[in-house]
$ cat query-v5.tsv   # TSV, C-alpha atoms and all ligand atoms
chain	number	residue	atom	x	y	z
G	1	MET	CA	109.94	109.73	99.31
G	2	ALA	CA	109.89	106.81	101.71
G	3	VAL	CA	112.13	106.50	104.74
G	4	VAL	CA	112.57	103.32	106.78
G	5	ILE	CA	113.67	103.76	110.38
G	6	VAL	CA	115.70	100.93	111.91
G	7	THR	CA	117.84	100.12	114.96
G	8	GLY	CA	120.13	97.36	116.06
G	9	ARG	CA	118.80	97.24	119.59
G	10	GLY	CA	115.31	97.50	121.04
G	11	GLY	CA	114.27	100.66	122.81
G	12	ALA	CA	116.79	102.85	120.99
G	13	GLY	CA	114.08	105.21	119.82
G	14	LYS	CA	112.88	104.16	116.35
G	15	THR	CA	109.24	104.77	117.05
G	16	THR	CA	109.95	108.04	118.88
G	17	THR	CA	112.06	109.19	115.93
G	18	THR	CA	109.40	108.15	113.41
G	19	ALA	CA	106.76	110.10	115.33
G	20	ASN	CA	108.87	113.23	115.76
G	21	LEU	CA	110.29	113.42	112.25
G	22	SER	CA	106.87	112.95	110.71
G	23	ALA	CA	105.59	115.71	113.01
G	24	TYR	CA	108.47	117.92	111.87
G	25	PHE	CA	107.58	117.43	108.20
G	26	ALA	CA	103.87	117.92	108.84
G	27	GLY	CA	104.76	121.20	110.58
G	28	ARG	CA	106.61	122.20	107.42
G	29	GLU	CA	103.44	121.64	105.38
G	30	TYR	CA	104.46	118.34	103.81
G	31	ARG	CA	101.83	115.64	103.67
G	32	ALA	CA	103.60	113.34	106.10
G	33	LEU	CA	102.51	109.75	106.69
G	34	ALA	CA	103.86	107.57	109.50
G	35	ILE	CA	103.29	103.83	109.03
G	36	ASP	CA	103.75	101.24	111.75
G	37	GLY	CA	105.86	98.55	110.09
G	38	ASP	CA	106.67	96.82	113.36
G	39	LEU	CA	104.00	94.25	112.63
G	40	TYR	CA	104.54	91.99	115.64
G	41	LEU	CA	105.01	94.67	118.27
G	42	PRO	CA	103.37	97.78	116.89
G	43	ASN	CA	103.30	100.83	119.13
G	44	LEU	CA	103.41	103.85	116.84
G	45	GLY	CA	99.73	104.47	117.62
G	46	PHE	CA	100.55	105.20	121.27
G	47	HIS	CA	102.73	108.13	120.24
G	48	PHE	CA	99.66	109.72	118.63
G	49	ALA	CA	96.98	108.63	121.13
G	50	LEU	CA	95.61	106.19	118.54
G	51	GLU	CA	95.60	102.93	120.43
G	52	ASN	CA	92.03	101.79	119.90
G	53	VAL	CA	91.23	102.41	116.29
G	54	LYS	CA	89.10	100.15	114.15
G	55	TYR	CA	91.23	99.84	111.01
G	56	THR	CA	94.98	99.37	111.06
G	57	VAL	CA	97.84	98.38	108.79
G	58	HIS	CA	96.94	94.83	109.80
G	59	SER	CA	93.42	95.26	108.41
G	60	LEU	CA	94.97	96.22	105.07
G	61	LEU	CA	97.36	93.28	105.10
G	62	LYS	CA	94.46	90.93	105.75
G	63	ASP	CA	92.06	92.41	103.25
G	64	PRO	CA	93.79	93.56	100.06
G	65	SER	CA	90.59	95.07	98.74
G	66	MET	CA	90.35	97.57	101.57
G	67	ASP	CA	91.11	101.19	100.73
G	68	PRO	CA	94.29	102.17	102.64
G	69	GLU	CA	92.68	105.50	103.49
G	70	TRP	CA	90.51	103.68	106.00
G	71	ALA	CA	93.54	102.91	108.14
G	72	ILE	CA	94.96	106.44	108.02
G	73	TYR	CA	94.13	108.91	110.79
G	74	LYS	CA	95.07	112.56	110.85
G	75	HIS	CA	96.56	113.50	114.22
G	76	PRO	CA	94.90	116.79	115.17
G	77	GLU	CA	97.79	118.30	117.15
G	78	THR	CA	100.53	117.75	114.56
G	79	GLY	CA	98.77	117.17	111.25
G	80	VAL	CA	100.62	113.87	110.79
G	81	TYR	CA	98.75	111.14	108.92
G	82	VAL	CA	99.20	107.95	110.90
G	83	MET	CA	98.69	104.34	109.88
G	84	PRO	CA	98.84	102.49	113.21
G	85	GLY	CA	99.18	98.76	113.78
G	86	SER	CA	96.94	96.45	115.72
G	87	THR	CA	98.12	95.12	119.06
G	88	ASN	CA	95.54	92.33	118.93
G	89	LEU	CA	97.30	88.96	118.68
G	90	GLN	CA	94.69	87.57	116.29
G	91	ASP	CA	95.42	90.37	113.83
G	92	VAL	CA	99.14	89.77	113.96
G	93	LEU	CA	99.02	86.09	113.02
G	94	GLY	CA	99.07	84.98	109.41
G	95	ILE	CA	99.75	88.29	107.70
G	96	SER	CA	102.22	88.84	104.89
G	97	PRO	CA	104.77	91.63	105.30
G	98	LYS	CA	105.27	91.53	101.53
G	99	ARG	CA	102.02	93.41	101.09
G	100	LEU	CA	103.40	96.18	103.25
G	101	ARG	CA	105.77	96.90	100.38
G	102	ASP	CA	102.85	97.49	98.02
G	103	ILE	CA	101.10	99.73	100.53
G	104	VAL	CA	104.23	101.85	100.98
G	105	GLU	CA	104.75	102.05	97.23
G	106	ASP	CA	101.17	103.20	96.78
G	107	MET	CA	101.39	105.75	99.61
G	108	LYS	CA	104.62	107.21	98.23
G	109	TYR	CA	102.59	108.80	95.45
G	110	LYS	CA	99.91	110.14	97.78
G	111	PHE	CA	102.15	111.71	100.42
G	112	GLY	CA	105.17	114.00	100.30
G	113	VAL	CA	107.07	111.88	102.75
G	114	VAL	CA	106.36	108.44	104.22
G	115	PHE	CA	108.11	107.17	107.34
G	116	VAL	CA	108.05	103.45	108.08
G	117	ASP	CA	108.78	102.40	111.64
G	118	SER	CA	110.54	99.02	111.67
G	119	PRO	CA	111.07	96.15	114.09
G	120	THR	CA	114.35	95.88	115.97
G	121	GLY	CA	117.43	94.22	114.49
G	122	VAL	CA	117.14	92.70	111.03
G	123	PRO	CA	113.75	94.20	110.18
G	124	PHE	CA	112.10	91.20	108.53
G	125	ASP	CA	108.67	92.87	108.51
G	126	THR	CA	109.90	95.83	106.52
G	127	LEU	CA	112.66	94.26	104.40
G	128	PRO	CA	110.40	93.94	101.33
G	129	THR	CA	109.64	97.63	101.86
G	130	PHE	CA	113.31	98.46	101.37
G	131	GLU	CA	112.72	97.81	97.66
G	132	VAL	CA	110.50	100.87	97.39
G	133	ALA	CA	112.17	103.07	100.03
G	134	ASN	CA	114.63	105.85	99.29
G	135	TYR	CA	116.24	106.41	102.69
G	136	GLN	CA	117.21	104.36	105.70
G	137	ILE	CA	117.68	106.06	109.04
G	138	ILE	CA	119.57	104.12	111.68
G	139	VAL	CA	118.76	105.18	115.24
G	140	VAL	CA	121.53	104.39	117.69
G	141	GLU	CA	121.25	104.58	121.44
G	142	ILE	CA	124.65	105.18	122.93
G	143	GLU	CA	123.68	105.55	126.55
G	144	ARG	CA	123.90	101.91	127.58
G	145	SER	CA	127.32	100.97	126.32
G	146	PRO	CA	130.36	101.21	128.58
G	147	ILE	CA	132.27	104.34	127.76
G	148	TYR	CA	135.52	102.82	126.47
G	149	SER	CA	133.77	100.81	123.79
G	150	PHE	CA	131.26	103.41	122.59
G	151	GLU	CA	132.80	103.90	119.22
G	152	ILE	CA	133.28	100.21	118.56
G	153	MET	CA	129.71	99.34	119.56
G	154	VAL	CA	128.15	102.13	117.59
G	155	LYS	CA	130.24	101.37	114.53
G	156	ASN	CA	129.42	97.68	114.75
G	157	GLU	CA	125.69	98.40	114.90
G	158	VAL	CA	125.73	100.96	112.14
G	159	GLU	CA	127.94	98.85	109.89
G	160	LYS	CA	125.53	95.91	109.89
G	161	LEU	CA	122.42	97.96	109.24
G	162	LYS	CA	124.26	100.01	106.63
G	163	ALA	CA	125.08	96.81	104.74
G	164	LEU	CA	121.36	96.12	104.57
G	165	GLY	CA	120.47	99.56	103.24
G	166	ASP	CA	123.37	99.45	100.78
G	167	GLU	CA	122.03	96.23	99.34
G	168	TYR	CA	118.85	98.05	98.38
G	169	GLY	CA	120.63	101.20	97.25
G	170	LEU	CA	119.16	103.37	100.00
G	171	LYS	CA	120.66	106.64	101.15
G	172	ILE	CA	121.65	106.12	104.75
G	173	GLY	CA	121.87	108.42	107.75
G	174	VAL	CA	122.35	107.95	111.48
G	175	ILE	CA	120.58	109.59	114.42
G	176	LEU	CA	122.09	109.26	117.88
G	177	ASN	CA	119.46	109.16	120.62
G	178	LYS	CA	119.21	109.21	124.43
G	179	ILE	CA	122.54	110.94	124.76
G	180	ARG	CA	123.76	111.53	128.28
G	181	GLU	CA	127.43	111.75	127.44
G	182	SER	CA	129.59	114.83	127.24
G	183	GLN	CA	129.90	116.77	124.02
G	184	ASP	CA	133.43	115.54	123.26
G	185	VAL	CA	132.43	111.88	123.59
G	186	VAL	CA	129.54	112.52	121.20
G	187	GLU	CA	131.85	114.31	118.79
G	188	ASP	CA	134.23	111.33	118.75
G	189	ILE	CA	131.35	109.00	117.94
G	190	ILE	CA	130.08	111.26	115.18
G	191	GLN	CA	133.57	111.40	113.73
G	192	ALA	CA	133.96	107.62	113.91
G	193	VAL	CA	130.65	107.04	112.12
G	194	GLU	CA	131.15	109.71	109.49
G	195	GLU	CA	134.79	109.12	108.71
G	196	ASP	CA	135.22	105.37	109.19
G	197	LEU	CA	131.82	104.24	107.92
G	198	ASN	CA	131.12	107.15	105.63
G	199	VAL	CA	127.54	107.63	106.90
G	200	PRO	CA	126.29	111.12	107.80
G	201	VAL	CA	125.05	111.72	111.34
G	202	LEU	CA	121.86	113.70	110.90
G	203	GLY	CA	121.19	114.43	114.53
G	204	ALA	CA	122.00	113.86	118.17
G	205	VAL	CA	119.07	113.79	120.59
G	206	PRO	CA	119.66	114.00	124.35
G	207	PHE	CA	118.03	111.79	126.93
G	208	ASP	CA	115.06	113.85	128.06
G	209	ASP	CA	112.19	112.92	130.37
G	210	THR	CA	109.81	115.03	128.33
G	211	VAL	CA	109.98	112.25	125.70
G	212	PRO	CA	108.12	109.60	127.76
G	213	ALA	CA	105.85	112.34	129.13
G	214	SER	CA	104.84	113.32	125.60
G	215	ILE	CA	104.21	109.70	124.63
G	216	ASN	CA	101.85	109.42	127.60
G	217	ILE	CA	99.94	112.42	126.30
G	218	GLY	CA	99.99	111.15	122.72
G	219	ILE	CA	101.69	114.17	121.12
G	220	PRO	CA	105.28	113.88	119.86
G	221	VAL	CA	107.69	115.95	121.97
G	222	ILE	CA	108.58	118.20	119.03
G	223	SER	CA	105.00	119.54	119.21
G	224	TYR	CA	104.12	118.92	122.84
G	225	ARG	CA	107.29	120.50	124.28
G	226	PRO	CA	109.01	122.24	121.36
G	227	ARG	CA	111.50	124.01	123.61
G	228	SER	CA	112.60	120.92	125.54
G	229	TYR	CA	116.08	119.58	124.80
G	230	ALA	CA	114.66	116.65	122.84
G	231	GLY	CA	112.14	118.88	121.05
G	232	ILE	CA	114.88	121.23	119.89
G	233	ALA	CA	117.16	118.34	118.85
G	234	PHE	CA	114.43	116.62	116.83
G	235	ARG	CA	113.65	119.91	115.09
G	236	GLU	CA	117.32	120.42	114.20
G	237	THR	CA	117.48	116.84	112.95
G	238	GLY	CA	114.35	117.40	110.89
G	239	GLN	CA	115.88	120.51	109.31
G	240	ILE	CA	119.00	118.60	108.31
G	241	LEU	CA	116.93	115.71	106.98
G	242	GLU	CA	114.68	118.05	105.00
G	243	GLU	CA	117.72	119.71	103.45
G	244	TRP	CA	119.22	116.31	102.69
G	245	MET	CA	116.05	114.93	101.11
G	246	PHE	CA	114.56	117.93	99.39
G	247	GLY	CA	117.57	120.26	99.05
G	301	LIG	N1	115.53	111.01	123.76
G	301	LIG	C1	114.90	110.27	124.68
G	301	LIG	N2	114.94	110.59	126.00
G	301	LIG	C2	114.31	109.84	126.92
G	301	LIG	N3	113.59	108.76	126.65
G	301	LIG	C3	113.49	108.38	125.37
G	301	LIG	C4	114.13	109.11	124.31
G	301	LIG	N4	113.84	108.47	123.14
G	301	LIG	C5	113.07	107.41	123.45
G	301	LIG	N5	112.85	107.36	124.78
G	301	LIG	C6	112.07	106.35	125.52
G	301	LIG	O1	112.62	105.07	125.24
G	301	LIG	C7	111.59	104.11	125.07
G	301	LIG	C8	111.80	103.36	123.78
G	301	LIG	O2	111.66	104.23	122.69
G	301	LIG	P1	111.01	103.73	121.32
G	301	LIG	O3	110.95	104.90	120.41
G	301	LIG	O4	109.76	102.99	121.58
G	301	LIG	O5	112.15	102.71	120.84
G	301	LIG	P2	112.09	101.59	119.70
G	301	LIG	O6	110.97	101.91	118.79
G	301	LIG	O7	113.43	101.69	119.01
G	301	LIG	O8	111.94	100.28	120.39
G	301	LIG	C9	110.27	104.85	125.12
G	301	LIG	O9	109.64	104.53	126.34
G	301	LIG	C10	110.63	106.32	125.07
G	301	LIG	O10	109.86	107.03	125.99
G	302	MG	MG	109.33	100.74	118.27
$ encode --input "query-v5.tsv" --output "structure tokens"
Amino acid sequence: MAVVIVTGRGGAGKTTTTANLSAYFAGREYRALAIDGDLYLPNLGFHFALENVKYTVHSLLKDPSMDPEWAIYKHPETGVYVMPGSTNLQDVLGISPKRLRDIVEDMKYKFGVVFVDSPTGVPFDTLPTFEVANYQIIVVEIERSPIYSFEIMVKNEVEKLKALGDEYGLKIGVILNKIRESQDVVEDIIQAVEEDLNVPVLGAVPFDDTVPASINIGIPVISYRPRSYAGIAFRETGQILEEWMFG
């Protein structure tokens, strides 16, 4: 199974969600691989304290003969297999995102679940990957929109990304992140997304300062602070996703 994680706006929490959901599945004994598909601004490695590794997804894109295993690192604290990107400008230039599709296709047979972190907006780097993916998760940050237009903004964002996933026949779900609003506001948004757009909301994660703290440490919050608000919410989201994907 391959899952691409996307968002309309930057900073909504794609990479955080990728890191935490892959940690959830690894904790449930799946072989879980997290791939950094944000080829121009990769930062998945930071979430797993893997910022200075020798081989990255960029190495594989440059040298097709390289064994993908070389760019996969097992994160000791969570058991997640991570394929980080390179933040070196020279590595980012002149690579073909089309090859990422082949890597993901290959990895789908070697891992129980593969998460692909994507760039913001229309995810050009990972669009070819949609051909081999099964699921698309849309992460929506609702905290920054003015309260009266929450539903409209969220629906607008989800609708556009949903159209993309639909084109490739992906199963689509939404995760709300960085929630600071009251429960009834959140419930209205969930209702709007589920009933008007017909997309299931898989989880709702509160704004929680333990999230940036855990990134600094390099252990996803679900493992670093499992009883924090965000840790609990990511676990509940993982349970729903697991049920959805594997029944
Ligand atoms: N639930 C949350 N609570 C608080 N901060 C969060 C939460 N989710 C993400 N963040 C913070 O927001 C920033 C952006 O998150 P990130 O996952 O990198 O977004 P994206 O990959 O969509 O650009 C990070 O610095 C992270 O610490
Ligand atoms: Mg990101």
$ closest_residue --input "query-v5.tsv" --among "G:Val116, G:Ile179, G:Val6, G:Met107" --to "Asp209 (chain G)" --atoms "only C-alpha atoms"
G:Ile179
$ residues_around --input "query-v5.tsv" --residues "Ser59 (chain G)" --least-positions-apart "6" --cutoff "10 Å" --atoms "all atoms listed in the file" --output "VMD selection string"
chain G and resid 66 to 68 70 to 71 85 to 86 91 to 92 95
$ write_last_selection --input "query-v5.tsv" --atoms "C-alpha atoms" --output "compact mmCIF listing (two decimals), in the coordinates of the input"
# COMPACT_ATOMS: atom_id res chain seq x y z
CA MET G 66 90.35 97.57 101.57
CA ASP G 67 91.11 101.19 100.73
CA PRO G 68 94.29 102.17 102.64
CA TRP G 70 90.51 103.68 106.00
CA ALA G 71 93.54 102.91 108.14
CA GLY G 85 99.18 98.76 113.78
CA SER G 86 96.94 96.45 115.72
CA ASP G 91 95.42 90.37 113.83
CA VAL G 92 99.14 89.77 113.96
CA ILE G 95 99.75 88.29 107.70
$ residues_around --input "query-v5.tsv" --residues "Ile215 (chain G)" --least-positions-apart "4" --cutoff "10 Å" --atoms "all atoms listed in the file" --output "ChimeraX atom specification"
/G:16,19,44-49,210-211,219-221,224
$ closest_residue --input "query-v5.tsv" --among "G:Leu164, G:Val139, G:Leu33, G:Leu60" --to "ligand MG 302 (chain G)" --atoms "only C-alpha atoms and all ligand atoms"
G:Val139
$ closest_atom_pairs --input "query-v5.tsv" --of "chain G" --to "ligand LIG 301 (chain G)" --cutoff "6 Å" --atoms "only C-alpha atoms and all ligand atoms" --output "tab-separated table"
residue	atom	partner	partner_atom	distance
G:Gly10	CA	G:LIG301	O8	4.4
G:Gly11	CA	G:LIG301	O8	3.4
G:Ala12	CA	G:LIG301	O7	4.1
G:Gly13	CA	G:LIG301	O3	3.2
G:Lys14	CA	G:LIG301	O7	3.7
G:Thr15	CA	G:LIG301	O6	3.8
G:Thr16	CA	G:LIG301	O3	3.6
G:Asn177	CA	G:LIG301	N1	5.4
G:Lys178	CA	G:LIG301	N1	4.2
G:Val205	CA	G:LIG301	N1	5.5
G:Pro206	CA	G:LIG301	N1	5.1
G:Phe207	CA	G:LIG301	N2	3.4
G:Asp208	CA	G:LIG301	N2	3.9
G:Asp209	CA	G:LIG301	C2	5.1
G:Val211	CA	G:LIG301	C2	5.1
G:Pro212	CA	G:LIG301	O10	3.6
G:Ala230	CA	G:LIG301	N1	5.8
$ write_last_selection --input "query-v5.tsv" --atoms "C-alpha atoms" --output "mmCIF file, keeping the file's coordinate frame"
data_model
loop_
_atom_site.group_PDB
_atom_site.id
_atom_site.type_symbol
_atom_site.label_atom_id
_atom_site.label_comp_id
_atom_site.auth_asym_id
_atom_site.auth_seq_id
_atom_site.Cartn_x
_atom_site.Cartn_y
_atom_site.Cartn_z
ATOM 1 C CA GLY G 10 115.310 97.500 121.040
ATOM 2 C CA GLY G 11 114.270 100.660 122.810
ATOM 3 C CA ALA G 12 116.790 102.850 120.990
ATOM 4 C CA GLY G 13 114.080 105.210 119.820
ATOM 5 C CA LYS G 14 112.880 104.160 116.350
ATOM 6 C CA THR G 15 109.240 104.770 117.050
ATOM 7 C CA THR G 16 109.950 108.040 118.880
ATOM 8 C CA ASN G 177 119.460 109.160 120.620
ATOM 9 C CA LYS G 178 119.210 109.210 124.430
ATOM 10 C CA VAL G 205 119.070 113.790 120.590
ATOM 11 C CA PRO G 206 119.660 114.000 124.350
ATOM 12 C CA PHE G 207 118.030 111.790 126.930
ATOM 13 C CA ASP G 208 115.060 113.850 128.060
ATOM 14 C CA ASP G 209 112.190 112.920 130.370
ATOM 15 C CA VAL G 211 109.980 112.250 125.700
ATOM 16 C CA PRO G 212 108.120 109.600 127.760
ATOM 17 C CA ALA G 230 114.660 116.650 122.840
#
$ residues_around --input "query-v5.tsv" --residues "Gly94 (chain G)" --least-positions-apart "5" --cutoff "12 Å" --atoms "all atoms listed in the file" --output "PyMOL selection string"
chain G and resi 39-40+58-59+61-63+89
$ closest_residue --input "query-v5.tsv" --among "G:Leu50, G:Ile5, G:Ala213, G:Val114" --to "Leu161 (chain G)" --atoms "all atoms listed in the file"
G:Ile5
$ residues_around --input "query-v5.tsv" --residues "Gln191 (chain G)" --least-positions-apart "3" --cutoff "12 Å" --atoms "only C-alpha atoms" --output "ChimeraX atom specification"
/G:151,154-155,174,184-188,194-201
$ write_last_selection --input "query-v5.tsv" --atoms "C-alpha atoms" --output "compact mmCIF listing (two decimals), in the frame of the given file"
# COMPACT_ATOMS: atom_id res chain seq x y z
CA GLU G 151 132.80 103.90 119.22
CA VAL G 154 128.15 102.13 117.59
CA LYS G 155 130.24 101.37 114.53
CA VAL G 174 122.35 107.95 111.48
CA ASP G 184 133.43 115.54 123.26
CA VAL G 185 132.43 111.88 123.59
CA VAL G 186 129.54 112.52 121.20
CA GLU G 187 131.85 114.31 118.79
CA ASP G 188 134.23 111.33 118.75
CA GLU G 194 131.15 109.71 109.49
CA GLU G 195 134.79 109.12 108.71
CA ASP G 196 135.22 105.37 109.19
CA LEU G 197 131.82 104.24 107.92
CA ASN G 198 131.12 107.15 105.63
CA VAL G 199 127.54 107.63 106.90
CA PRO G 200 126.29 111.12 107.80
CA VAL G 201 125.05 111.72 111.34
$ closest_residue --input "query-v5.tsv" --among "G:Val57, G:Val82, G:Thr87, G:Asp117" --to "ligand MG 302 (chain G)" --atoms "all atoms listed in the file"
G:Asp117
$ atom_distance --input "query-v5.tsv" --atom1 "CA of Ala163 (chain G)" --atom2 "CA of Arg235 (chain G)"
27.8 Å
$ closest_residue --input "query-v5.tsv" --among "G:Arg9, G:Pro42, G:Gln136, G:Asn20" --to "ligand MG 302 (chain G)" --atoms "only C-alpha atoms and all ligand atoms"
G:Pro42
$ closest_residue --input "query-v5.tsv" --among "G:Leu127, G:Val122, G:Ala233, G:Met153" --to "Ser96 (chain G)" --atoms "only C-alpha atoms"
G:Leu127
$ residues_around --input "query-v5.tsv" --residues "Ile240 (chain G)" --least-positions-apart "3" --cutoff "8 Å" --atoms "all atoms listed in the file" --output "list in words"
Leu202, Gly203, Glu236, Thr237, Glu243 and Trp244 of chain G
$ axis_aligned_box --input "query-v5.tsv" --around "region 72-83 of chain G" --padding-each-side "3 Å" --output "lines of an AutoDock Vina configuration file"
center_x = 97.4
center_y = 111.3
center_z = 112.6
size_x = 12.5
size_y = 20.0
size_z = 15.1
$ atom_distance --input "query-v5.tsv" --atom1 "CA of Pro76 (chain G)" --atom2 "CA of Phe115 (chain G)"
18.1 Å
$ decode --input "query-v5.tsv" --residues "region 162-184 of chain G" --atoms "N, CA and C atoms" --output "mmCIF file, in the first residue's frame"
data_model
loop_
_atom_site.group_PDB
_atom_site.id
_atom_site.type_symbol
_atom_site.label_atom_id
_atom_site.label_comp_id
_atom_site.auth_asym_id
_atom_site.auth_seq_id
_atom_site.Cartn_x
_atom_site.Cartn_y
_atom_site.Cartn_z
ATOM 1 N N LYS G 162 -8.765 16.857 -3.824
ATOM 2 C CA LYS G 162 -9.575 15.658 -4.055
ATOM 3 C C LYS G 162 -9.686 15.383 -5.556
ATOM 4 N N ALA G 163 -9.861 16.450 -6.337
ATOM 5 C CA ALA G 163 -9.979 16.292 -7.786
ATOM 6 C C ALA G 163 -8.737 15.608 -8.355
ATOM 7 N N LEU G 164 -7.596 15.957 -7.771
ATOM 8 C CA LEU G 164 -6.323 15.369 -8.197
ATOM 9 C C LEU G 164 -6.287 13.872 -7.888
ATOM 10 N N GLY G 165 -6.602 13.537 -6.656
ATOM 11 C CA GLY G 165 -6.614 12.124 -6.247
ATOM 12 C C GLY G 165 -7.641 11.318 -7.026
ATOM 13 N N ASP G 166 -8.799 11.931 -7.280
ATOM 14 C CA ASP G 166 -9.862 11.246 -8.034
ATOM 15 C C ASP G 166 -9.384 10.879 -9.429
ATOM 16 N N GLU G 167 -8.604 11.784 -10.014
ATOM 17 C CA GLU G 167 -8.117 11.549 -11.369
ATOM 18 C C GLU G 167 -7.289 10.270 -11.449
ATOM 19 N N TYR G 168 -6.607 9.964 -10.350
ATOM 20 C CA TYR G 168 -5.759 8.770 -10.324
ATOM 21 C C TYR G 168 -6.442 7.598 -9.624
ATOM 22 N N GLY G 169 -7.710 7.782 -9.291
ATOM 23 C CA GLY G 169 -8.463 6.698 -8.656
ATOM 24 C C GLY G 169 -8.013 6.373 -7.237
ATOM 25 N N LEU G 170 -7.465 7.338 -6.530
ATOM 26 C CA LEU G 170 -7.008 7.081 -5.162
ATOM 27 C C LEU G 170 -8.167 7.166 -4.171
ATOM 28 N N LYS G 171 -8.045 6.404 -3.099
ATOM 29 C CA LYS G 171 -8.977 6.575 -1.982
ATOM 30 C C LYS G 171 -8.489 7.782 -1.190
ATOM 31 N N ILE G 172 -9.408 8.633 -0.798
ATOM 32 C CA ILE G 172 -9.010 9.922 -0.239
ATOM 33 C C ILE G 172 -9.562 10.122 1.165
ATOM 34 N N GLY G 173 -8.697 10.614 2.050
ATOM 35 C CA GLY G 173 -9.138 10.967 3.396
ATOM 36 C C GLY G 173 -8.520 12.288 3.806
ATOM 37 N N VAL G 174 -9.138 12.916 4.811
ATOM 38 C CA VAL G 174 -8.665 14.217 5.295
ATOM 39 C C VAL G 174 -8.232 14.106 6.752
ATOM 40 N N ILE G 175 -7.149 14.802 7.091
ATOM 41 C CA ILE G 175 -6.765 14.953 8.497
ATOM 42 C C ILE G 175 -6.717 16.446 8.806
ATOM 43 N N LEU G 176 -7.422 16.852 9.835
ATOM 44 C CA LEU G 176 -7.366 18.248 10.275
ATOM 45 C C LEU G 176 -6.233 18.359 11.284
ATOM 46 N N ASN G 177 -5.427 19.400 11.144
ATOM 47 C CA ASN G 177 -4.262 19.538 12.043
ATOM 48 C C ASN G 177 -4.199 20.938 12.627
ATOM 49 N N LYS G 178 -3.468 21.047 13.736
ATOM 50 C CA LYS G 178 -3.217 22.320 14.437
ATOM 51 C C LYS G 178 -4.511 22.971 14.910
ATOM 52 N N ILE G 179 -5.406 22.158 15.381
ATOM 53 C CA ILE G 179 -6.718 22.664 15.791
ATOM 54 C C ILE G 179 -6.629 23.401 17.117
ATOM 55 N N ARG G 180 -7.149 24.619 17.104
ATOM 56 C CA ARG G 180 -7.259 25.386 18.341
ATOM 57 C C ARG G 180 -8.704 25.807 18.575
ATOM 58 N N GLU G 181 -9.566 25.345 17.698
ATOM 59 C CA GLU G 181 -10.958 25.796 17.765
ATOM 60 C C GLU G 181 -11.754 24.898 18.701
ATOM 61 N N SER G 182 -12.946 25.364 19.018
ATOM 62 C CA SER G 182 -13.798 24.592 19.921
ATOM 63 C C SER G 182 -14.348 23.372 19.191
ATOM 64 N N GLN G 183 -14.789 22.419 19.979
ATOM 65 C CA GLN G 183 -15.266 21.146 19.451
ATOM 66 C C GLN G 183 -16.406 21.329 18.442
ATOM 67 N N ASP G 184 -17.316 22.277 18.713
ATOM 68 C CA ASP G 184 -18.459 22.398 17.788
ATOM 69 C C ASP G 184 -18.049 22.993 16.441
#
